[in-house]
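Text of the file my_file15.txt, holding compact mmCIF, C-alpha atoms:
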# COMPACT_ATOMS: atom_id res chain seq x y z
CA MET A 1 96.69 117.27 152.83
CA LYS A 2 94.18 118.79 150.42
CA SER A 3 94.02 116.66 147.28
CA LYS A 4 93.21 117.50 143.70
CA THR A 5 92.23 114.96 141.03
CA ILE A 6 92.75 115.31 137.28
CA THR A 7 91.08 112.69 135.08
CA VAL A 8 92.07 112.14 131.44
CA PHE A 9 91.80 109.35 128.89
CA GLU A 10 94.75 107.51 127.38
CA HIS A 11 96.67 109.35 124.64
CA ALA A 12 95.35 112.67 125.96
CA SER A 13 97.48 115.70 126.88
CA LEU A 14 97.68 117.99 129.89
CA ARG A 15 98.95 121.56 129.78
CA ILE A 16 100.17 123.96 132.46
CA SER A 17 97.49 125.96 134.18
CA ASP A 18 97.15 127.06 137.78
CA ALA A 19 93.38 127.12 137.53
CA GLY A 20 90.71 124.55 136.94
CA SER A 21 91.59 120.88 136.63
CA GLN A 22 94.72 121.30 134.52
CA LEU A 23 98.31 120.71 135.50
CA SER A 24 100.17 123.10 137.81
CA THR A 25 103.72 124.23 137.16
CA ALA A 26 105.03 122.44 140.27
CA SER A 27 103.41 119.17 139.19
CA LEU A 28 104.86 119.50 135.68
CA VAL A 29 108.36 120.03 137.07
CA ALA A 30 107.98 116.89 139.23
CA LEU A 31 106.79 114.89 136.22
CA GLN A 32 109.72 116.17 134.15
CA LYS A 33 112.16 114.91 136.81
CA PHE A 34 110.31 111.61 136.98
CA HIS A 35 110.38 111.28 133.19
CA GLY A 36 114.16 111.60 133.29
CA GLU A 37 114.25 108.12 134.84
CA GLU A 38 113.20 106.55 131.51
CA CYS A 39 109.50 106.69 132.31
CA PRO A 40 107.38 104.96 129.61
CA TYR A 41 104.02 106.28 130.84
CA PHE A 42 104.02 109.64 129.06
CA SER A 43 106.05 111.91 126.80
CA LEU A 44 106.98 115.53 127.33
CA ILE A 45 106.16 118.41 125.01
CA HIS A 46 106.92 122.07 125.75
CA TYR A 47 104.68 122.86 128.76
CA TRP A 48 102.64 119.73 127.97
CA VAL A 49 102.44 116.11 129.10
CA ARG A 50 101.09 113.57 126.58
CA PHE A 51 100.03 110.17 127.88
CA CYS A 52 100.37 106.95 125.90
CA GLU A 53 98.87 103.44 126.15
CA TYR A 54 99.47 103.15 129.90
CA VAL A 55 96.47 103.63 132.20
CA GLY A 56 96.18 103.97 135.96
CA VAL A 57 97.16 106.75 138.35
CA ILE A 58 100.13 109.01 138.96
CA GLN A 59 100.18 110.87 142.27
CA VAL A 60 102.34 114.00 142.32
CA GLY A 61 102.35 115.42 145.83
CA SER A 62 98.66 115.95 146.60
CA THR A 63 97.65 115.95 142.91
CA LEU A 64 96.26 112.70 141.54
CA ILE A 65 96.35 112.23 137.76
CA GLU A 66 94.03 109.43 136.68
CA VAL A 67 94.50 108.01 133.16
CA LEU A 68 91.59 105.89 131.96
CA PRO A 69 91.23 103.61 128.91
CA LYS A 70 88.71 104.27 126.18
CA ALA A 71 87.87 101.95 123.31
CA ASP A 72 85.08 103.96 121.68
CA LYS A 73 83.55 107.43 121.62
CA GLY A 74 80.83 106.67 124.17
CA GLY A 75 80.98 106.53 127.95
CA ASP A 76 82.04 108.92 130.68
CA THR A 77 84.90 108.84 133.14
CA GLN A 78 82.94 106.99 135.83
CA GLU A 79 81.97 104.21 133.41
CA TRP A 80 85.52 103.69 132.18
CA ARG A 81 86.93 103.91 135.72
CA SER A 82 84.60 101.10 136.74
CA MET A 83 85.47 99.11 133.60
CA LEU A 84 89.19 99.42 134.29
CA ILE A 85 88.78 98.29 137.90
CA GLU A 86 86.61 95.36 136.82
CA MET A 87 89.14 94.34 134.15
CA LEU A 88 91.94 94.38 136.72
CA LYS A 89 89.80 92.32 139.08
CA SER A 90 89.01 89.86 136.28
CA VAL A 91 92.69 89.14 135.55
CA GLY A 92 93.53 88.73 139.24
CA SER A 93 95.14 92.08 140.07
CA PHE A 94 92.73 92.60 142.98
CA ASP A 95 92.64 89.09 144.43
CA ILE A 96 92.78 89.00 148.22
CA TYR A 97 93.03 86.10 150.64
CA ALA A 98 91.06 87.51 153.57
CA PRO A 99 87.83 85.56 154.09
CA SER A 100 85.90 88.75 154.81
CA SER A 101 86.61 90.26 151.40
CA SER A 102 82.89 90.67 150.73
CA SER A 103 82.87 93.60 153.17
CA LEU A 104 85.49 95.47 151.14
CA LYS A 105 84.26 98.81 149.83
CA LEU A 106 85.06 98.93 146.12
CA LYS A 107 83.41 102.30 145.36
CA THR A 108 86.57 104.38 145.60
CA ASN A 109 87.60 107.43 143.65
CA SER A 110 90.59 105.87 141.90
CA ILE A 111 92.59 102.70 141.38
CA LEU A 112 95.25 104.02 143.74
CA GLU A 113 92.76 104.37 146.60
CA LEU A 114 91.45 100.89 145.84
CA TYR A 115 94.96 99.49 146.20
CA PHE A 116 95.37 101.47 149.43
CA GLU A 117 92.15 99.99 150.80
CA LEU A 118 93.11 96.48 149.69
CA PHE A 119 96.44 96.81 151.47
CA ILE A 120 94.81 98.16 154.64
CA HIS A 121 92.28 95.35 154.54
CA GLU A 122 95.04 92.75 154.20
CA ILE A 123 97.05 94.15 157.14
CA GLU A 124 93.92 94.31 159.30
CA TYR A 125 93.29 90.66 158.53
CA LEU A 126 96.90 89.67 159.31
CA LEU A 127 96.80 91.51 162.64
CA HIS A 128 93.47 89.90 163.51
CA ARG A 129 94.76 86.35 162.94
CA GLY A 130 98.15 87.09 164.53
CA LEU A 131 101.44 88.09 162.92
CA LEU A 132 103.76 85.34 161.77
CA LYS A 133 106.78 84.61 163.98
CA GLN A 134 110.14 83.39 162.71
CA TYR A 135 113.46 82.33 164.20
CA ARG A 136 116.35 84.77 163.88
CA LYS A 137 119.84 85.33 165.28
CA LYS A 138 120.18 88.14 167.80
CA THR A 139 123.22 89.64 169.52
CA ALA A 140 122.83 91.47 172.83
CA ASN A 141 124.57 92.36 176.08
CA LEU A 142 122.59 90.47 178.72
CA THR A 143 122.74 89.83 182.45
CA VAL A 144 122.22 86.10 181.82
CA LEU A 145 124.23 83.64 179.76
CA LYS A 146 122.05 82.77 176.80
CA GLY A 147 123.31 81.18 173.60
CA ALA A 148 126.97 81.56 172.58
CA ILE A 149 129.37 84.15 173.97
CA LYS A 150 130.91 86.48 171.37
CA PHE A 151 134.31 86.73 173.03
CA ASN A 152 135.72 89.65 171.04
CA GLN A 153 132.72 91.88 171.80
CA HIS A 154 132.45 90.52 175.35
CA LEU A 155 136.02 91.54 176.16
CA ARG A 156 135.53 94.89 174.46
CA PHE A 157 132.31 95.93 176.21
CA ASN A 158 132.36 94.01 179.50
CA LEU A 159 135.90 94.31 180.77
CA VAL A 160 134.68 96.19 183.84
CA HIS A 161 131.11 94.79 183.79
CA LYS A 162 131.54 91.28 185.09
CA GLU A 163 127.78 90.86 185.46
CA LEU A 164 127.12 91.14 181.67
CA PHE A 165 127.53 88.66 178.83
CA PHE A 166 127.77 89.64 175.16
CA VAL A 167 126.00 86.72 173.48
CA GLU A 168 124.43 85.59 170.22
CA HIS A 169 121.23 83.61 170.64
CA THR A 170 118.19 82.50 168.68
CA THR A 171 114.88 84.23 169.25
CA TYR A 172 111.38 83.55 167.94
CA ASP A 173 109.41 86.73 167.27
CA VAL A 174 107.69 88.92 164.66
CA GLU A 175 110.77 90.97 163.81
CA HIS A 176 111.76 89.71 160.34
CA LYS A 177 112.05 90.99 156.77
CA ILE A 178 108.41 90.39 155.76
CA HIS A 179 107.20 92.69 158.52
CA PHE A 180 109.96 95.21 157.77
CA ILE A 181 108.50 95.56 154.25
CA LEU A 182 104.87 95.80 155.41
CA TYR A 183 105.72 98.39 158.07
CA LYS A 184 107.60 100.52 155.53
CA ALA A 185 104.61 100.33 153.18
CA LEU A 186 102.30 101.40 156.03
CA LYS A 187 104.52 104.39 156.79
CA LEU A 188 104.45 105.28 153.09
CA LEU A 189 100.65 105.18 153.09
CA GLU A 190 100.58 107.48 156.10
CA HIS A 191 102.72 109.94 154.15
CA ILE A 192 101.02 109.92 150.73
CA ASN A 193 97.37 109.09 151.45
CA THR A 194 95.01 111.94 150.55
CA ASN A 195 91.72 110.15 151.28
CA PRO A 196 90.40 111.28 154.71
CA THR A 197 88.25 108.15 155.08
CA LEU A 198 91.37 105.97 155.21
CA ASN A 199 93.37 108.10 157.67
CA SER A 200 91.91 106.62 160.86
CA ARG A 201 92.43 103.05 159.66
CA ILE A 202 96.06 103.74 158.73
CA CYS A 203 96.75 105.37 162.12
CA SER A 204 95.09 102.45 163.90
CA LEU A 205 97.26 99.97 162.03
CA LEU A 206 100.44 101.88 162.89
CA LEU A 207 99.46 101.82 166.58
CA ASN A 208 98.82 98.07 166.54
CA PHE A 209 101.60 96.98 164.17
CA PRO A 210 104.94 96.47 165.99
CA GLU A 211 107.50 99.13 165.13
CA MET A 212 110.11 97.73 162.76
CA PRO A 213 113.58 98.86 161.65
CA ASP A 214 113.78 101.00 158.51
CA ILE A 215 115.47 99.06 155.70
CA LYS A 216 116.33 99.91 152.10
CA ILE A 217 113.84 98.31 149.69
CA ASN A 218 114.63 97.36 146.08
CA GLU A 219 113.89 94.59 143.60
CA ALA A 220 116.50 92.34 145.21
CA THR A 221 114.68 92.59 148.57
CA PHE A 222 111.54 91.01 147.14
CA ALA A 223 113.47 88.52 144.99
CA ALA A 224 115.24 87.20 148.08
CA LEU A 225 111.98 86.56 149.96
CA SER A 226 111.04 82.93 150.43
CA LEU A 227 107.49 82.41 151.66
CA GLY A 228 106.84 79.13 153.42
CA LYS A 229 103.48 77.45 153.86
CA LYS A 230 102.62 79.53 156.92
CA ALA A 231 103.41 82.80 155.11
CA GLN A 232 101.14 82.27 152.08
CA THR A 233 98.54 84.65 153.53
CA TYR A 234 101.13 87.42 153.15
CA THR A 235 101.33 87.03 149.37
CA LYS A 236 98.86 89.75 148.36
CA SER A 237 99.99 92.28 150.97
CA LEU A 238 103.59 91.82 149.80
CA GLU A 239 102.53 92.20 146.16
CA ILE A 240 100.84 95.51 146.92
CA SER A 241 103.82 96.60 149.06
CA ARG A 242 106.11 95.85 146.14
CA LEU A 243 103.87 97.82 143.80
CA LEU A 244 103.84 100.87 146.08
CA LEU A 245 107.42 100.89 147.37
CA LEU A 246 109.15 100.26 144.04
CA ASN A 247 107.01 102.80 142.15
CA TYR A 248 107.44 105.56 144.70
CA HIS A 249 109.89 108.33 143.78
CA PRO A 250 110.49 110.79 146.64
CA ASP A 251 111.18 114.45 145.99
CA VAL A 252 114.49 114.82 147.83
CA ALA A 253 115.02 118.41 146.65
CA GLN A 254 111.87 120.20 147.76
CA GLY A 255 110.14 117.42 149.70
CA GLY A 256 106.60 118.21 148.54
CA ASN A 257 106.18 116.72 145.07
CA HIS A 258 106.72 113.00 145.58
CA VAL A 259 105.66 110.84 142.63
CA LEU A 260 103.89 107.48 142.91
CA ALA A 261 103.05 105.86 139.57
CA LEU A 262 100.69 102.90 139.43
CA MET A 263 100.28 102.35 135.71
CA PHE A 264 99.30 99.37 133.56
CA ASP A 265 100.11 98.68 129.92
CA MET A 266 96.67 98.55 128.32
CA ASN A 267 97.88 96.18 125.59
CA VAL A 268 98.97 93.62 128.20
CA LEU A 269 95.82 94.12 130.29
CA TRP A 270 93.58 93.70 127.22
CA GLU A 271 95.39 90.50 126.25
CA LYS A 272 95.00 89.02 129.75
CA PHE A 273 91.38 90.10 129.99
CA VAL A 274 90.38 88.48 126.67
CA TYR A 275 92.26 85.30 127.59
CA HIS A 276 90.56 85.01 130.99
CA ALA A 277 87.16 85.79 129.45
CA LEU A 278 87.51 83.08 126.79
CA ARG A 279 88.89 80.49 129.20
CA LYS A 280 86.16 81.16 131.77
CA GLN A 281 83.33 80.99 129.22
CA MET A 282 84.74 77.82 127.60
CA VAL A 283 84.54 76.08 130.96
CA ARG A 284 81.00 77.32 131.63
CA SER A 285 79.74 76.35 128.17
CA ASN A 286 81.35 72.86 128.34
CA LYS A 287 83.11 73.43 125.03
CA GLN A 288 85.85 70.85 124.43
CA TYR A 289 88.45 73.43 123.49
CA THR A 290 91.85 73.98 125.01
CA ILE A 291 93.29 77.46 125.21
CA SER A 292 96.88 78.38 126.02
CA ALA A 293 98.48 81.82 126.35
CA GLN A 294 101.92 82.94 125.21
CA THR A 295 102.88 79.63 123.53
CA SER A 296 106.32 80.36 122.10
CA LYS A 297 108.35 78.76 119.31
CA TYR A 298 111.86 79.44 118.10
CA PHE A 299 111.82 81.57 114.99
CA TRP A 300 115.40 82.51 114.06
CA LYS A 301 118.88 81.34 115.04
CA PRO A 302 121.98 83.49 114.55
CA THR A 303 125.41 81.98 113.93
CA THR A 304 126.34 83.07 117.45
CA GLY A 305 124.07 84.02 120.33
CA ARG A 306 120.58 83.12 121.41
CA ARG A 307 117.68 82.04 119.25
CA THR A 308 114.69 84.35 118.74
CA LYS A 309 111.15 83.30 119.67
CA ILE A 310 107.72 84.21 118.40
CA ARG A 311 104.88 84.25 120.90
CA PRO A 312 101.22 84.72 119.89
CA ASP A 313 98.75 85.81 122.54
CA MET A 314 96.52 82.71 122.37
CA VAL A 315 96.47 79.30 120.67
CA ILE A 316 93.15 77.41 120.75
CA ASN A 317 92.77 73.75 119.82
CA ALA A 318 89.56 71.91 118.99
CA ASN A 319 91.39 68.62 118.39
CA GLN A 320 94.93 67.34 118.17
CA GLU A 321 95.41 68.13 114.47
CA SER A 322 94.35 71.75 114.04
CA CYS A 323 94.37 75.03 115.92
CA VAL A 324 93.60 78.70 115.55
CA VAL A 325 95.81 81.59 116.66
CA LEU A 326 94.49 84.82 118.20
CA ASP A 327 96.32 88.07 118.78
CA THR A 328 94.82 90.98 120.71
CA LYS A 329 95.44 94.64 119.94
CA TRP A 330 94.21 97.54 122.06
CA LYS A 331 93.53 99.85 119.13
CA ASP A 332 90.56 101.64 117.67
CA LEU A 333 90.55 100.72 113.97
CA LYS A 334 87.79 103.26 113.23
CA GLY A 335 86.58 101.10 110.36
CA TYR A 336 89.99 100.76 108.70
CA SER A 337 91.96 97.58 108.02
CA PRO A 338 94.70 96.34 110.40
CA SER A 339 98.23 97.62 109.97
CA THR A 340 100.62 95.88 107.59
CA ASP A 341 102.87 94.89 110.50
CA ASP A 342 99.98 93.18 112.32
CA LEU A 343 99.00 91.25 109.18
CA ARG A 344 102.62 90.18 108.58
CA GLN A 345 102.81 88.97 112.17
CA MET A 346 99.67 86.86 111.76
CA TYR A 347 101.03 85.37 108.52
CA VAL A 348 104.06 84.08 110.42
CA TYR A 349 101.84 82.63 113.13
CA TYR A 350 99.78 80.89 110.46
CA ASP A 351 102.78 79.02 109.07
CA TYR A 352 104.69 78.29 112.26
CA TYR A 353 101.71 76.96 114.19
CA ARG A 354 100.12 75.24 111.19
CA ALA A 355 96.93 77.07 112.05
CA ARG A 356 93.59 76.50 110.41
CA LYS A 357 93.00 80.25 110.55
CA VAL A 358 94.15 83.27 112.54
CA ALA A 359 92.46 86.43 113.79
CA LEU A 360 93.16 89.83 115.31
CA MET A 361 90.86 90.93 118.15
CA TYR A 362 90.20 94.64 118.72
CA PRO A 363 87.97 96.44 121.23
CA GLY A 364 84.93 98.41 120.10
CA GLY A 365 83.19 98.41 116.75
CA ASP A 366 80.19 96.30 115.77
CA ALA A 367 79.73 92.61 116.50
CA SER A 368 80.42 91.32 112.97
CA PHE A 369 83.89 90.04 112.10
CA LYS A 370 85.70 90.81 108.88
CA GLN A 371 87.19 87.90 106.95
CA GLY A 372 90.19 88.16 104.71
CA LYS A 373 92.66 85.94 102.89
CA TYR A 374 96.30 86.36 102.05
CA LEU A 375 97.33 86.68 98.39
CA ASP A 376 99.75 84.59 96.38
CA PRO A 377 102.94 86.69 95.80
CA LYS A 378 103.08 85.71 92.11
CA THR A 379 99.50 85.54 90.93
CA GLN A 380 98.07 87.99 93.49
CA LEU A 381 95.12 85.60 93.87
CA GLU A 382 93.63 84.47 97.16
CA ILE A 383 95.23 81.46 98.83
CA ASP A 384 93.79 79.22 101.52
CA LYS A 385 95.21 81.23 104.43
CA GLU A 386 92.55 83.13 106.33
CA CYS A 387 93.15 86.07 108.68
CA SER A 388 90.11 87.76 110.17
CA VAL A 389 89.44 90.87 112.22
CA ILE A 390 87.14 90.32 115.22
CA PRO A 391 85.83 93.53 116.80
CA LEU A 392 84.70 93.04 120.40
CA PRO A 393 81.94 95.53 121.29
CA VAL A 394 82.29 97.08 124.74
CA VAL A 395 79.44 96.28 127.14
CA LYS A 396 79.63 99.12 129.65
CA GLY A 397 78.52 98.73 133.22
CA ASN A 398 78.59 94.93 133.31
CA ILE A 399 81.92 93.12 133.03
CA ARG A 400 80.30 89.68 133.06
CA GLU A 401 78.13 90.54 130.07
CA TRP A 402 81.20 91.88 128.28
CA GLU A 403 83.02 88.59 128.87
CA LYS A 404 80.02 86.70 127.47
CA LYS A 405 79.93 89.02 124.44
CA ILE A 406 83.64 88.43 123.79
CA PHE A 407 83.08 84.68 123.86
CA ALA A 408 80.02 84.91 121.61
CA CYS A 409 81.97 86.94 119.00
CA PHE A 410 84.82 84.44 119.13
CA LEU A 411 82.48 81.46 118.90
CA GLU A 412 80.69 82.88 115.84
CA TRP A 413 84.03 83.17 114.05
CA PHE A 414 85.50 79.95 115.40
CA GLU A 415 82.60 77.70 114.52
CA GLN A 416 81.76 79.26 111.19
CA GLU A 417 83.67 76.46 109.54
CA SER A 418 84.26 73.16 111.31
CA LEU A 419 87.88 72.30 112.01
CA LYS A 420 89.12 69.12 110.42

Show me, as structure tokens, the structure contained in the file I just sent.
Amino acid sequence: MKSKTITVFEHASLRISDAGSQLSTASLVALQKFHGEECPYFSLIHYWVRFCEYVGVIQVGSTLIEVLPKADKGGDTQEWRSMLIEMLKSVGSFDIYAPSSSSLKLKTNSILELYFELFIHEIEYLLHRGLLKQYRKKTANLTVLKGAIKFNQHLRFNLVHKELFFVEHTTYDVEHKIHFILYKALKLLEHINTNPTLNSRICSLLLNFPEMPDIKINEATFAALSLGKKAQTYTKSLEISRLLLLNYHPDVAQGGNHVLALMFDMNVLWEKFVYHALRKQMVRSNKQYTISAQTSKYFWKPTTGRRTKIRPDMVINANQESCVVLDTKWKDLKGYSPSTDDLRQMYVYYDYYRARKVALMYPGGDASFKQGKYLDPKTQLEIDKECSVIPLPVVKGNIREWEKKIFACFLEWFEQESLK
């Protein structure tokens, strides 16, 4: 299958064109059908597709649409592709359990191909160490008496075959639901992969992996899975299988424009990335701070029904009596002040968490933070409630240096005034 790749940045638009790197009419029609399923990844305009804050890849037939993040005006597609992959790796989206992970080739053309290669690598590792066997019940018409006779079926099928027994017995083999899911994911890869370098490895896996029954996969299938101690090595392969199988939308009408969407909310990814960067650098610098993510408190209680919670991104304590609250926003302020809604939100966090000060963290900009104080509603004078804006400059090409820069910017703001 000859593939075509279109690369855009978040919040960009694609228009119909049969030439160049723009969107074809067939691909637009497939995206329109996909959007009808309440798709949050893009919006539709007349003959246009406008992307939002989600980044990743959408494969439509043999066309791959890659949506990359961008926090400033600098940098090309290759730089931001690498940054996105490194951010996903930093928050654990590309963790693998195979001991030979150092041999994994990470220089792929897109995130989708990287997930394909991770999945292939995981299955190769599982086959090498031997597939997990489980006990299961099996019914069969045998020439030997094994297990318990199913009398109704035995009388129905073996009335004239006295040499056979219709029995139910226990068997110990590799035919169970975990392998059903992995085999279905392998068959999906065989169907949608457009990278020639992966074809031989996929075909080899299908030859060596035992053929499994085709089952219907949905959210309930994965929710019902219970992985024991011996099955822990299957965790990552099942995660990737879930990602691929549940985000695949086949084209049942024409059969050529299947849609596979592997998209990430950049606001959530940015929040996780900043949290992991701060936590990692706090440990390395031996700072006696504690950091917790998504610490919720009840905020409002109706006369009937459930209470409402508030949940800041991060709460950091230097001692038992005081804390600071951080909230991350994947926005380009372009030198302007934060939105009124964001400032209101931080005001609530200040009171409910009894914070010493609070701050909003944005990507890009210079390294200096902007301090600000809330005003008294009556006198319109400053009160002792500080809310700052901390821009986090992007360090392209080196994710470790970016993590260090994030921590340095935070530390400059955090330690400007000692917490009492």

ask   = How far is it from atom CA of Pro338 of chain A to atom CA of Thr77 of chain A, in Å with one decimal?
value = 27.7 Å

Could you tell me, as a PDB file with C-alpha atoms, in the coordinates of the input, which residues have any atom at most 10 Å from (85.5, 76.2, 114.8), counting all atoms listed in the file?
ATOM      1  CA  TYR A 289      88.450  73.430 123.490  1.00  0.00           C
ATOM      2  CA  ILE A 316      93.150  77.410 120.750  1.00  0.00           C
ATOM      3  CA  ASN A 317      92.770  73.750 119.820  1.00  0.00           C
ATOM      4  CA  ALA A 318      89.560  71.910 118.990  1.00  0.00           C
ATOM      5  CA  SER A 322      94.350  71.750 114.040  1.00  0.00           C
ATOM      6  CA  CYS A 323      94.370  75.030 115.920  1.00  0.00           C
ATOM      7  CA  VAL A 324      93.600  78.700 115.550  1.00  0.00           C
ATOM      8  CA  ARG A 356      93.590  76.500 110.410  1.00  0.00           C
ATOM      9  CA  LYS A 357      93.000  80.250 110.550  1.00  0.00           C
ATOM     10  CA  PHE A 410      84.820  84.440 119.130  1.00  0.00           C
ATOM     11  CA  LEU A 411      82.480  81.460 118.900  1.00  0.00           C
ATOM     12  CA  GLU A 412      80.690  82.880 115.840  1.00  0.00           C
ATOM     13  CA  TRP A 413      84.030  83.170 114.050  1.00  0.00           C
ATOM     14  CA  PHE A 414      85.500  79.950 115.400  1.00  0.00           C
ATOM     15  CA  GLU A 415      82.600  77.700 114.520  1.00  0.00           C
ATOM     16  CA  GLN A 416      81.760  79.260 111.190  1.00  0.00           C
ATOM     17  CA  GLU A 417      83.670  76.460 109.540  1.00  0.00           C
ATOM     18  CA  SER A 418      84.260  73.160 111.310  1.00  0.00           C
ATOM     19  CA  LEU A 419      87.880  72.300 112.010  1.00  0.00           C
ATOM     20  CA  LYS A 420      89.120  69.120 110.420  1.00  0.00           C
TER      21      LYS A 420
END

query = Could you work out how far atom CA of Ile399 of chain A lies from atom CA of Ser82 of chain A, giving the answer in Å with one decimal?
reply =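 Between these atoms lies a distance of 9.2 Å.
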
query = What gap, in Å, lies between atom CA of Val389 of chain A and atom CA of Lys297 of chain A?
reply = 23.5 Å

query = Within 9 Å of (119.7, 90.8, 167.9), in the coordinates the file gives, what residues turn up when you count only C-alpha atoms, written out as a PyMOL selection string?
reply = chain A and resi 136-140+168-171

inquiry  = Using only C-alpha atoms, which protein or nucleic acid residues come within 9 Å of Cys52 of chain A? Drop anything in the same chain fewer than 3 positions from it, and give the result as a list in words.
reply    = Glu10, His11, Ala12, Pro40, Tyr41, Phe42, Ser43 and Val55 of chain A

query = Any idea what's packed within 12 Å of Leu155 of chain A, counting all atoms listed in the file, ignoring anything in its chain fewer than 3 positions away? Could you give it as a ChimeraX atom specification?
reply = /A:141,149-152,158-162,164-167

Could those residues be written to a file, using C-alpha atoms, as a compact mmCIF listing (two decimals), keeping the file's coordinate frame?
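Written out: selection_37.txt:
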# COMPACT_ATOMS: atom_id res chain seq x y z
CA ASN A 141 124.57 92.36 176.08
CA ILE A 149 129.37 84.15 173.97
CA LYS A 150 130.91 86.48 171.37
CA PHE A 151 134.31 86.73 173.03
CA ASN A 152 135.72 89.65 171.04
CA ASN A 158 132.36 94.01 179.50
CA LEU A 159 135.90 94.31 180.77
CA VAL A 160 134.68 96.19 183.84
CA HIS A 161 131.11 94.79 183.79
CA LYS A 162 131.54 91.28 185.09
CA LEU A 164 127.12 91.14 181.67
CA PHE A 165 127.53 88.66 178.83
CA PHE A 166 127.77 89.64 175.16
CA VAL A 167 126.00 86.72 173.48

ask   = Counting all atoms listed in the file, which of A:Asn199, A:Thr63, A:Ser24, A:Gln32 gets nearest to Thr5 of chain A?
value =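 The answer is A:Thr63, which sits nearest to Thr5 of chain A.
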
Closest pair table for segment 240-358 of chain A residues within 9 Å of segment 401-404 of chain A, all atoms listed in the file, as a tab-separated table:
residue	atom	partner	partner_atom	distance
A:Phe273	CA	A:Glu403	CA	8.6
A:Val274	CA	A:Glu403	CA	7.7
A:His276	CA	A:Glu403	CA	8.6
A:Ala277	CA	A:Glu403	CA	5.0
A:Leu278	CA	A:Glu403	CA	7.4
A:Lys280	CA	A:Glu403	CA	8.6
A:Gln281	CA	A:Lys404	CA	6.8

The centre and edge lengths of an axis-aligned box containing all atoms of segment 48-56 of chain A present in the file, extended by 3 Å on each side, are to be given in Å to one decimal, as JSON.
{"center_x": 99.4, "center_y": 111.4, "center_z": 130.9, "size_x": 12.5, "size_y": 22.6, "size_z": 16.1}
